[in-house]
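What's in query-v9.txt: compact mmCIF, C-alpha atoms
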# COMPACT_ATOMS: atom_id res chain seq x y z
CA MET A 25 162.27 40.65 -108.76
CA LYS A 26 164.55 38.20 -107.02
CA LYS A 27 162.73 35.31 -108.66
CA ILE A 28 163.15 36.85 -112.09
CA ILE A 29 166.89 37.31 -111.56
CA ILE A 30 167.24 33.70 -110.40
CA ILE A 31 165.27 32.41 -113.40
CA VAL A 32 167.39 34.49 -115.81
CA CYS A 33 170.61 33.25 -114.18
CA MET A 34 169.47 29.64 -114.39
CA PHE A 35 168.53 30.09 -118.04
CA MET A 36 171.93 31.59 -118.86
CA MET A 37 173.73 28.78 -117.02
CA THR A 38 171.73 26.22 -119.00
CA VAL A 39 172.56 27.95 -122.28
CA SER A 40 176.27 28.08 -121.50
CA ALA A 41 176.29 24.43 -120.39
CA PHE A 42 175.05 23.45 -123.85
CA ALA A 43 177.24 25.87 -125.77
CA HIS A 44 179.36 23.02 -127.18
CA PRO A 45 177.15 19.96 -126.98
CA GLU A 46 179.02 18.23 -129.80
CA GLY A 47 182.56 18.88 -128.74
CA PRO A 48 184.98 21.58 -129.84
CA GLY A 49 184.00 24.75 -131.65
CA VAL A 50 185.87 23.73 -134.78
CA SER A 51 186.27 20.32 -136.39
CA ASN A 52 189.60 18.58 -136.97
CA ALA A 53 189.48 19.55 -140.64
CA LYS A 54 188.76 23.19 -139.81
CA ALA A 55 191.61 23.28 -137.30
CA MET A 56 193.89 21.80 -139.95
CA GLU A 57 192.78 24.44 -142.45
CA LEU A 58 193.46 27.13 -139.86
CA ALA A 59 196.92 25.63 -139.39
CA ALA A 60 197.56 26.03 -143.13
CA HIS A 61 196.50 29.69 -142.85
CA ARG A 62 198.76 30.05 -139.84
CA VAL A 63 201.78 28.81 -141.78
CA ASP A 64 201.13 31.47 -144.41
CA ARG A 65 200.78 34.12 -141.69
CA LEU A 66 203.97 33.11 -139.93
CA VAL A 67 205.91 33.17 -143.21
CA THR A 68 204.45 36.58 -144.12
CA LEU A 69 205.50 37.93 -140.73
CA GLY A 70 209.00 36.48 -141.18
CA LYS A 71 208.65 34.25 -138.12
CA ILE A 72 209.36 30.99 -139.94
CA GLU A 73 211.14 30.10 -143.16
CA GLY A 74 209.35 30.51 -146.46
CA SER A 75 210.20 26.90 -147.27
CA PHE A 76 207.23 25.86 -145.13
CA LEU A 77 204.95 27.27 -147.82
CA LYS A 78 206.64 25.63 -150.78
CA GLN A 79 207.98 22.41 -149.33
CA LEU A 80 205.09 21.28 -147.16
CA GLU A 81 204.42 17.59 -147.50
CA LYS A 82 202.23 16.61 -144.57
CA ILE A 83 199.97 18.02 -141.87
CA GLU A 84 199.02 15.90 -138.86
CA ILE A 85 196.57 16.80 -136.11
CA ALA A 86 195.98 15.40 -132.65
CA ILE A 87 193.65 16.33 -129.80
CA VAL A 88 195.61 16.75 -126.61
CA GLN A 89 194.37 16.05 -123.10
CA ASP A 90 194.98 17.98 -119.92
CA GLN A 91 196.87 20.85 -121.50
CA ALA A 92 194.09 23.46 -121.47
CA PRO A 93 193.70 25.86 -123.14
CA ILE A 94 195.50 23.80 -125.82
CA TYR A 95 193.07 21.49 -127.57
CA TYR A 96 194.68 20.72 -130.94
CA LYS A 97 198.31 20.17 -131.78
CA VAL A 98 199.16 20.32 -135.45
CA ARG A 99 202.47 19.21 -136.90
CA ILE A 100 203.54 20.52 -140.29
CA SER A 101 206.30 18.57 -142.01
CA GLN A 102 208.33 19.48 -145.07
CA ILE A 103 209.57 17.04 -147.68
CA PRO A 104 212.19 14.83 -146.00
CA PRO A 105 215.82 15.37 -146.98
CA GLY A 106 218.00 12.56 -148.30
CA GLN A 107 219.42 12.15 -144.83
CA GLY A 108 218.21 13.34 -141.46
CA ALA A 109 214.92 14.64 -140.16
CA PRO A 110 212.62 16.92 -142.16
CA MET A 111 211.94 20.48 -141.08
CA GLN A 112 208.87 20.48 -138.85
CA LEU A 113 206.67 23.01 -137.18
CA ASP A 114 204.20 22.50 -134.33
CA ILE A 115 201.25 24.83 -133.84
CA SER A 116 198.82 24.60 -130.96
CA PHE A 117 195.20 25.78 -131.05
CA ASN A 118 192.41 26.11 -128.56
CA GLU A 119 189.08 24.39 -129.22
CA GLU A 120 187.78 27.44 -131.06
CA GLY A 121 190.67 27.23 -133.53
CA LYS A 122 192.61 30.18 -132.18
CA ALA A 123 196.34 29.72 -132.63
CA LEU A 124 198.08 29.81 -129.27
CA ASP A 125 201.70 29.00 -129.92
CA PHE A 126 204.15 27.68 -132.49
CA GLN A 127 207.54 26.05 -132.43
CA VAL A 128 209.93 25.02 -135.18
CA LEU A 129 211.44 21.70 -134.16
CA SER A 130 215.20 21.71 -133.91
CA GLY A 131 217.44 19.57 -136.06
CA GLY A 132 215.33 19.59 -139.21
CA VAL A 133 216.98 19.76 -142.63
CA GLY A 134 215.43 21.12 -145.83
CA GLY A 135 214.46 18.57 -148.45
CA PRO A 136 214.37 18.62 -152.25
CA ASP A 137 212.28 21.18 -154.10
CA ALA A 138 208.83 19.83 -154.91
CA GLY A 139 208.64 22.13 -157.91
CA TRP A 140 205.05 23.30 -157.48
CA THR A 141 204.57 25.56 -160.47
CA GLY A 142 201.06 26.89 -159.81
CA ILE A 143 200.14 27.83 -156.29
CA ASP A 144 202.30 26.86 -153.31
CA ALA A 145 202.06 23.59 -151.39
CA VAL A 146 200.23 25.09 -148.42
CA SER A 147 197.55 26.57 -150.68
CA LEU A 148 197.09 23.22 -152.43
CA VAL A 149 196.51 21.46 -149.13
CA GLU A 150 194.23 24.27 -148.03
CA ASN A 151 192.11 23.82 -151.17
CA ALA A 152 191.84 20.10 -150.51
CA LEU A 153 190.68 20.88 -146.97
CA HIS A 154 188.12 23.29 -148.38
CA TYR A 155 186.68 20.37 -150.35
CA ILE A 156 186.24 18.43 -147.10
CA LEU A 157 184.74 21.39 -145.27
CA GLU A 158 182.34 22.26 -148.08
CA ASN A 159 181.10 18.68 -148.20
CA SER A 160 181.03 18.12 -144.46
CA GLY A 161 177.29 17.49 -144.59
CA ASP A 162 177.88 14.38 -146.72
CA ALA A 163 177.82 11.21 -144.59
CA LYS A 164 180.97 9.87 -146.27
CA MET A 165 182.82 13.09 -145.53
CA ILE A 166 181.91 13.35 -141.84
CA PRO A 167 184.73 11.02 -140.68
CA PHE A 168 187.20 13.30 -142.46
CA ASP A 169 185.69 16.55 -141.22
CA LYS A 170 185.43 15.39 -137.61
CA GLY A 171 188.27 12.90 -137.47
CA ILE A 172 190.92 13.74 -140.05
CA SER A 173 194.31 12.83 -138.62
CA SER A 174 196.67 13.61 -141.50
CA ILE A 175 196.84 14.94 -145.02
CA THR A 176 199.75 14.31 -147.34
CA LEU A 177 200.60 16.15 -150.57
CA SER A 178 202.40 14.67 -153.54
CA LYS A 179 202.77 15.31 -157.24
CA GLU A 180 201.41 12.68 -159.59
CA MET A 181 200.42 12.12 -163.19
CA LEU A 182 196.69 11.83 -163.86
CA ASN A 183 195.49 11.28 -167.44
CA GLY A 184 198.83 12.54 -168.74
CA GLU A 185 198.68 15.70 -166.63
CA SER A 186 200.83 16.63 -163.66
CA VAL A 187 198.49 17.11 -160.69
CA ALA A 188 198.52 17.59 -156.95
CA HIS A 189 197.32 14.55 -155.02
CA THR A 190 196.33 14.90 -151.39
CA GLN A 191 195.53 11.87 -149.31
CA ALA A 192 193.68 12.26 -146.02
CA THR A 193 193.48 9.70 -143.22
CA SER A 194 190.98 9.70 -140.39
CA ASN A 195 190.67 8.38 -136.85
CA LEU A 196 187.06 7.47 -137.61
CA THR A 197 187.50 5.28 -140.69
CA SER A 198 190.15 3.12 -142.29
CA ASP A 199 189.25 4.53 -145.72
CA LYS A 200 191.49 7.11 -147.27
CA LEU A 201 190.23 10.19 -149.05
CA ASN A 202 192.13 11.09 -152.22
CA ILE A 203 191.61 14.57 -153.63
CA TYR A 204 193.15 15.56 -156.95
CA LEU A 205 193.76 19.18 -157.83
CA LYS A 206 195.24 20.98 -160.80
CA LEU A 207 198.51 22.71 -160.08
CA ASN A 208 196.62 26.02 -159.92
CA GLY A 209 194.58 24.55 -157.06
CA SER A 210 191.31 23.96 -158.88
CA PHE A 211 189.46 20.77 -158.03
CA ILE A 212 189.63 17.77 -160.38
CA SER A 213 188.15 14.81 -158.50
CA ALA A 214 187.93 12.96 -155.21
CA GLU A 215 187.64 9.30 -154.30
CA MET A 216 187.70 7.06 -151.26
CA THR A 217 190.00 4.09 -151.22
CA PRO A 218 190.13 1.29 -148.65
CA MET B 9 165.85 69.32 -184.05
CA LYS B 10 167.71 71.12 -181.31
CA TYR B 11 165.74 69.12 -178.72
CA ALA B 12 166.36 65.88 -180.61
CA TRP B 13 170.13 66.39 -180.25
CA LYS B 14 169.76 67.11 -176.56
CA PHE B 15 167.65 63.94 -176.19
CA LEU B 16 170.27 61.90 -178.06
CA ILE B 17 173.04 63.23 -175.84
CA LEU B 18 171.04 62.35 -172.73
CA VAL B 19 170.38 58.82 -174.05
CA VAL B 20 174.08 58.29 -174.79
CA LEU B 21 175.04 59.57 -171.35
CA GLY B 22 172.42 57.33 -169.79
CA ILE B 23 173.72 54.23 -171.59
CA GLY B 24 177.25 55.20 -170.61
CA GLY B 25 176.16 55.47 -167.02
CA CYS B 26 174.60 52.00 -167.11
CA ASN B 27 177.75 50.49 -168.55
CA TYR B 28 179.81 52.22 -165.92
CA THR B 29 177.82 50.62 -163.12
CA ASN B 30 178.19 47.19 -164.74
CA LEU B 31 181.95 47.37 -164.85
CA LYS B 32 183.94 45.33 -162.38
CA ARG B 33 184.68 47.93 -159.82
CA ALA B 34 188.26 49.00 -159.33
CA PRO B 35 188.20 48.71 -155.56
CA GLY B 36 187.75 51.91 -153.69
CA SER B 37 188.58 54.28 -156.49
CA GLU B 38 185.18 55.45 -157.73
CA ASN B 39 183.71 55.58 -154.30
CA LEU B 40 186.12 58.19 -153.09
CA GLN B 41 184.93 60.43 -155.90
CA LEU B 42 181.21 59.65 -155.73
CA ASN B 43 180.83 59.69 -151.99
CA SER B 44 181.28 63.08 -150.41
CA GLU B 45 181.56 61.66 -146.88
CA PRO B 46 185.17 61.58 -145.75
CA LEU B 47 186.76 58.20 -145.15
CA VAL B 48 187.58 58.04 -141.46
CA PRO B 49 189.05 55.33 -139.21
CA SER B 50 185.78 53.88 -137.98
CA TYR B 51 184.20 50.55 -138.88
CA GLU B 52 181.08 52.23 -140.25
CA SER B 53 183.06 54.44 -142.59
CA ILE B 54 185.42 51.66 -143.70
CA ASN B 55 182.53 49.28 -144.25
CA LYS B 56 180.54 51.78 -146.29
CA ARG B 57 183.40 53.21 -148.31
CA ILE B 58 185.65 50.18 -148.77
CA PHE B 59 184.20 46.80 -147.80
CA ILE B 60 180.78 47.16 -149.42
CA ALA B 61 182.27 48.72 -152.52
CA ALA B 62 185.32 46.55 -152.97
CA CYS B 63 185.04 43.34 -150.98
CA LYS B 64 181.53 42.18 -150.20
CA ASP B 65 180.74 40.96 -153.71
CA CYS B 66 182.73 37.88 -152.69
CA HIS B 67 182.97 38.19 -148.91
CA ASN B 68 179.34 37.50 -148.08
CA SER B 69 177.65 34.40 -146.68
CA GLY B 70 176.95 33.00 -150.16
CA GLY B 71 180.00 34.25 -152.01
CA SER B 72 183.34 32.71 -152.91
CA GLY B 73 184.89 34.53 -149.95
CA LYS B 74 182.33 33.25 -147.45
CA ARG B 75 185.01 31.87 -145.14
CA VAL B 76 186.15 35.41 -144.40
CA LEU B 77 183.26 37.69 -143.52
CA LEU B 78 183.83 41.39 -142.99
CA ASP B 79 181.20 42.35 -140.45
CA LYS B 80 182.72 43.81 -137.30
CA VAL B 81 182.02 40.81 -135.07
CA SER B 82 183.63 38.40 -137.54
CA LEU B 83 186.65 40.64 -138.02
CA LEU B 84 187.25 40.85 -134.30
CA ASN B 85 186.52 37.22 -133.44
CA SER B 86 187.74 35.18 -136.39
CA PRO B 87 190.36 32.55 -135.49
CA LEU B 88 192.20 33.93 -138.52
CA GLU B 89 192.96 37.00 -136.39
CA LEU B 90 191.78 39.36 -139.10
CA VAL B 91 191.84 42.31 -136.74
CA ILE B 92 194.08 42.39 -133.68
CA PRO B 93 193.14 45.63 -131.93
CA GLY B 94 196.19 47.84 -131.52
CA ASN B 95 198.33 45.65 -133.76
CA PRO B 96 197.78 46.38 -137.47
CA ASP B 97 201.16 44.87 -138.39
CA GLU B 98 199.98 41.37 -137.47
CA SER B 99 196.31 41.71 -138.37
CA GLY B 100 195.30 39.38 -141.18
CA LEU B 101 193.15 42.04 -142.82
CA VAL B 102 196.09 44.43 -143.19
CA LEU B 103 198.48 41.68 -144.24
CA SER B 104 196.13 40.50 -146.99
CA LEU B 105 195.66 44.03 -148.32
CA GLU B 106 199.35 44.96 -148.23
CA ARG B 107 201.00 41.82 -149.57
CA ASN B 108 202.35 41.88 -153.11
CA ASP B 109 201.98 38.25 -154.13
CA ASP B 110 199.06 36.40 -155.72
CA LYS B 111 197.31 36.11 -152.35
CA ARG B 112 196.75 39.85 -152.13
CA MET B 113 193.20 41.05 -151.58
CA PRO B 114 191.32 42.17 -153.59
CA PRO B 115 192.70 39.49 -155.93
CA SER B 116 194.68 40.73 -158.89
CA LYS B 117 194.12 37.48 -160.79
CA GLU B 118 190.43 38.34 -160.94
CA GLY B 119 191.14 41.78 -162.29
CA TYR B 120 190.93 43.80 -159.12
CA ALA B 121 193.27 46.67 -158.38
CA PRO B 122 194.76 46.99 -154.92
CA LEU B 123 193.17 49.36 -152.44
CA LYS B 124 194.51 52.89 -152.51
CA GLU B 125 197.24 53.80 -150.06
CA GLU B 126 194.93 56.17 -148.19
CA GLU B 127 192.32 53.44 -147.82
CA LYS B 128 194.87 51.00 -146.42
CA ALA B 129 196.16 53.72 -144.09
CA VAL B 130 192.67 54.36 -142.70
CA ILE B 131 192.16 50.64 -142.01
CA ARG B 132 195.54 50.55 -140.29
CA LYS B 133 194.62 53.59 -138.21
CA TRP B 134 191.29 52.06 -137.17
CA ILE B 135 193.05 48.92 -135.93
CA GLU B 136 195.83 50.92 -134.33
CA ASN B 137 193.17 52.90 -132.42
CA GLY B 138 191.83 49.64 -131.00
CA ALA B 139 189.12 48.91 -133.61
CA MET B 140 186.55 50.21 -131.15
CA ASP B 141 184.38 52.59 -133.22
Hey, can you dump this file as structure tokens for me?
Amino acid sequence: MKKIIIIVCMFMMTVSAFAHPEGPGVSNAKAMELAAHRVDRLVTLGKIEGSFLKQLEKIEIAIVQDQAPIYYKVRISQIPPGQGAPMQLDISFNEEGKALDFQVLSGGVGGPDAGWTGIDAVSLVENALHYILENSGDAKMIPFDKGISSITLSKEMLNGESVAHTQATSNLTSDKLNIYLKLNGSFISAEMTP
Amino acid sequence: MKYAWKFLILVVLGIGGCNYTNLKRAPGSENLQLNSEPLVPSYESINKRIFIAACKDCHNSGGSGKRVLLDKVSLLNSPLELVIPGNPDESGLVLSLERNDDKRMPPSKEGYAPLKEEEKAVIRKWIENGAMD
């Protein structure tokens, strides 16, 4: 009986040791997507200003060391004002993507209205991140799923149509991933640029 | 002739019934009438009476809502904090059902009606009770 218990314990220890053989439970892109969801949640709960939904311009992510249980820190920035610093929000996550804490940085000033007429800015970025996550099996997309470091949203003209352009950068490649969406959030196209 | 009329009526009712089942379901509403079991604040009841009827067309592993699955384990463990036991006010599931904008679930832009007040109240109660059952 004793032997059986020892064997079972050893098996369970082995299983838990290999629970995350490839790093964190969620990828950088997934953590970033969860951050976008978190912004929506915090606005819905009245914990941060609604401008973070409409005026979002950039999301950056970094893996932090020696601050367990914090694994990811995500910074959400609004469109910069004419003068001064933009409004910014930091959210920390554990390696499973669970939000742990948030903090609105002091001293930020609201910027100009981006004038998104379809869905809000956070949802546009979220849809772009969905494109990365849904194509994460593609070799060209892996550096952006695993190593995305920032994603920036801007409004541009494409074939005479006003569209949302997101540009993602990665720690794992110098290429940039450009994803174009209609203002209602539906996918138009994606391309890599050096 | 008398039987022919009866047959015709049955055929018409039958076709009507088929069309009824093909309609996009107004979430929750028919089920309350068709299912005699009371809706109670337990996962099993909520799943059977609300999720399967109103949500799982999309929220399944191959559907458009695959990122948000509604089995009990996913609800309790999702990093989206869909269910925070004891705290319905901050649970993502409740927030998505009760919001009034275009992110409400089930989605109005796809022709779905909101859940009924009593359905939302039962989900709230289940979470408030700790989401144990």
Taking all atoms listed in the file into account, which residues of chain B are within 12 Å of chain A, as a short mmCIF file (atom, residue, chain, number, x, y, z; two decimals) with C-alpha atoms, in the frame of the given file?
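Output file selection_36.cif is given in full below:
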data_model
loop_
_atom_site.label_atom_id
_atom_site.label_comp_id
_atom_site.auth_asym_id
_atom_site.auth_seq_id
_atom_site.Cartn_x
_atom_site.Cartn_y
_atom_site.Cartn_z
CA SER B 72 183.34 32.71 -152.91
CA GLY B 73 184.89 34.53 -149.95
CA LYS B 74 182.33 33.25 -147.45
CA ARG B 75 185.01 31.87 -145.14
CA VAL B 76 186.15 35.41 -144.40
CA ASN B 85 186.52 37.22 -133.44
CA SER B 86 187.74 35.18 -136.39
CA PRO B 87 190.36 32.55 -135.49
CA LEU B 88 192.20 33.93 -138.52
CA GLU B 89 192.96 37.00 -136.39
CA LEU B 90 191.78 39.36 -139.10
CA PRO B 96 197.78 46.38 -137.47
CA ASP B 97 201.16 44.87 -138.39
CA GLU B 98 199.98 41.37 -137.47
CA SER B 99 196.31 41.71 -138.37
CA GLY B 100 195.30 39.38 -141.18
CA LEU B 101 193.15 42.04 -142.82
CA VAL B 102 196.09 44.43 -143.19
CA LEU B 103 198.48 41.68 -144.24
CA SER B 104 196.13 40.50 -146.99
CA GLU B 106 199.35 44.96 -148.23
CA ARG B 107 201.00 41.82 -149.57
CA ASN B 108 202.35 41.88 -153.11
CA ASP B 109 201.98 38.25 -154.13
CA ASP B 110 199.06 36.40 -155.72
CA LYS B 111 197.31 36.11 -152.35
CA ARG B 112 196.75 39.85 -152.13
CA LYS B 117 194.12 37.48 -160.79
#
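The space between atom CA of A:Asp114 and atom CA of B:Ile92 spans 22.3 Å.
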Please identify all polymer residues within 9 Å of A:Phe168, counting only C-alpha atoms, omitting same-chain residues fewer than 4 positions from it, and present them as a PyMOL selection string.
chain A and resi 52-53+156-157+160+164+172-173+192-197+200-201
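Using only C-alpha atoms for every distance, the candidate list B:Asn137, B:Met113, B:Asn68, B:Glu127 yields B:Glu127 as the residue closest to B:Ser53.
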So how far away is atom CA of B:Phe59 from atom CA of B:Glu45, in Å?
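It comes out at 15.1 Å.
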Name the residues in contact with A:Asp144 at a cut-off of 8 Å, using only C-alpha atoms, excluding same-chain residues fewer than 4 positions from it; report them as a ChimeraX atom specification.
/A:77-78,140,148
Counting all atoms listed in the file, figure out which residue out of B:Leu123, B:Val48, B:Leu84, B:Val91 gets nearest to B:Cys63.
B:Leu123
Quick one: everything within 10 Å of A:Gly108, counting all atoms listed in the file, minus sequence neighbours fewer than 6 positions away in the same chain. Send it as a JSON list (two decimals) with C-alpha atoms, keeping the file's coordinate frame.
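The result, stored in part13.json:
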[["chain", "number", "residue", "atom", "x", "y", "z"],
["A", 131, "GLY", "CA", 217.44, 19.57, -136.06],
["A", 132, "GLY", "CA", 215.33, 19.59, -139.21],
["A", 133, "VAL", "CA", 216.98, 19.76, -142.63],
["A", 134, "GLY", "CA", 215.43, 21.12, -145.83],
["A", 135, "GLY", "CA", 214.46, 18.57, -148.45]]
So how many Å separate atom CA of A:Gln191 and atom CA of A:Glu150, to one decimal?
12.5 Å
Need the axis-aligned box for stretch 197-216 of chain A with 6 Å each side, so what are the centre and edges in Å to one decimal, as JSON?
{"center_x": 193.0, "center_y": 14.6, "center_z": -150.7, "size_x": 23.0, "size_y": 34.9, "size_z": 32.1}
For B:Trp134: contacts at 9 Å, all atoms listed in the file, fewer than 5 positions along chain excluded, given as a list in words:
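Counting only the stated atoms, we get Val48, Pro49, Ser50, Tyr51, Ile54, Pro93, Gly94, Pro96, Ala129, Ala139, Met140 and Asp141 of chain B.
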Residues within 12 Å of A:Gln102, all atoms listed in the file, excluding chain neighbours under 3 positions, as an mmCIF file with C-alpha atoms, in the frame of the given file:
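Below you can see around_39.cif, which holds the result:
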data_model
loop_
_atom_site.group_PDB
_atom_site.id
_atom_site.type_symbol
_atom_site.label_atom_id
_atom_site.label_comp_id
_atom_site.auth_asym_id
_atom_site.auth_seq_id
_atom_site.Cartn_x
_atom_site.Cartn_y
_atom_site.Cartn_z
ATOM 1 C CA VAL A 63 201.780 28.810 -141.780
ATOM 2 C CA GLU A 73 211.140 30.100 -143.160
ATOM 3 C CA GLY A 74 209.350 30.510 -146.460
ATOM 4 C CA SER A 75 210.200 26.900 -147.270
ATOM 5 C CA PHE A 76 207.230 25.860 -145.130
ATOM 6 C CA LEU A 77 204.950 27.270 -147.820
ATOM 7 C CA LYS A 78 206.640 25.630 -150.780
ATOM 8 C CA GLN A 79 207.980 22.410 -149.330
ATOM 9 C CA LEU A 80 205.090 21.280 -147.160
ATOM 10 C CA GLU A 81 204.420 17.590 -147.500
ATOM 11 C CA LYS A 82 202.230 16.610 -144.570
ATOM 12 C CA ILE A 83 199.970 18.020 -141.870
ATOM 13 C CA GLU A 84 199.020 15.900 -138.860
ATOM 14 C CA ARG A 99 202.470 19.210 -136.900
ATOM 15 C CA PRO A 105 215.820 15.370 -146.980
ATOM 16 C CA ALA A 109 214.920 14.640 -140.160
ATOM 17 C CA PRO A 110 212.620 16.920 -142.160
ATOM 18 C CA MET A 111 211.940 20.480 -141.080
ATOM 19 C CA GLN A 112 208.870 20.480 -138.850
ATOM 20 C CA LEU A 113 206.670 23.010 -137.180
ATOM 21 C CA ASP A 114 204.200 22.500 -134.330
ATOM 22 C CA VAL A 128 209.930 25.020 -135.180
ATOM 23 C CA LEU A 129 211.440 21.700 -134.160
ATOM 24 C CA GLY A 132 215.330 19.590 -139.210
ATOM 25 C CA VAL A 133 216.980 19.760 -142.630
ATOM 26 C CA GLY A 134 215.430 21.120 -145.830
ATOM 27 C CA GLY A 135 214.460 18.570 -148.450
ATOM 28 C CA PRO A 136 214.370 18.620 -152.250
ATOM 29 C CA ASP A 137 212.280 21.180 -154.100
ATOM 30 C CA ALA A 138 208.830 19.830 -154.910
ATOM 31 C CA ALA A 145 202.060 23.590 -151.390
ATOM 32 C CA VAL A 146 200.230 25.090 -148.420
ATOM 33 C CA THR A 176 199.750 14.310 -147.340
ATOM 34 C CA LEU A 177 200.600 16.150 -150.570
ATOM 35 C CA SER A 178 202.400 14.670 -153.540
#
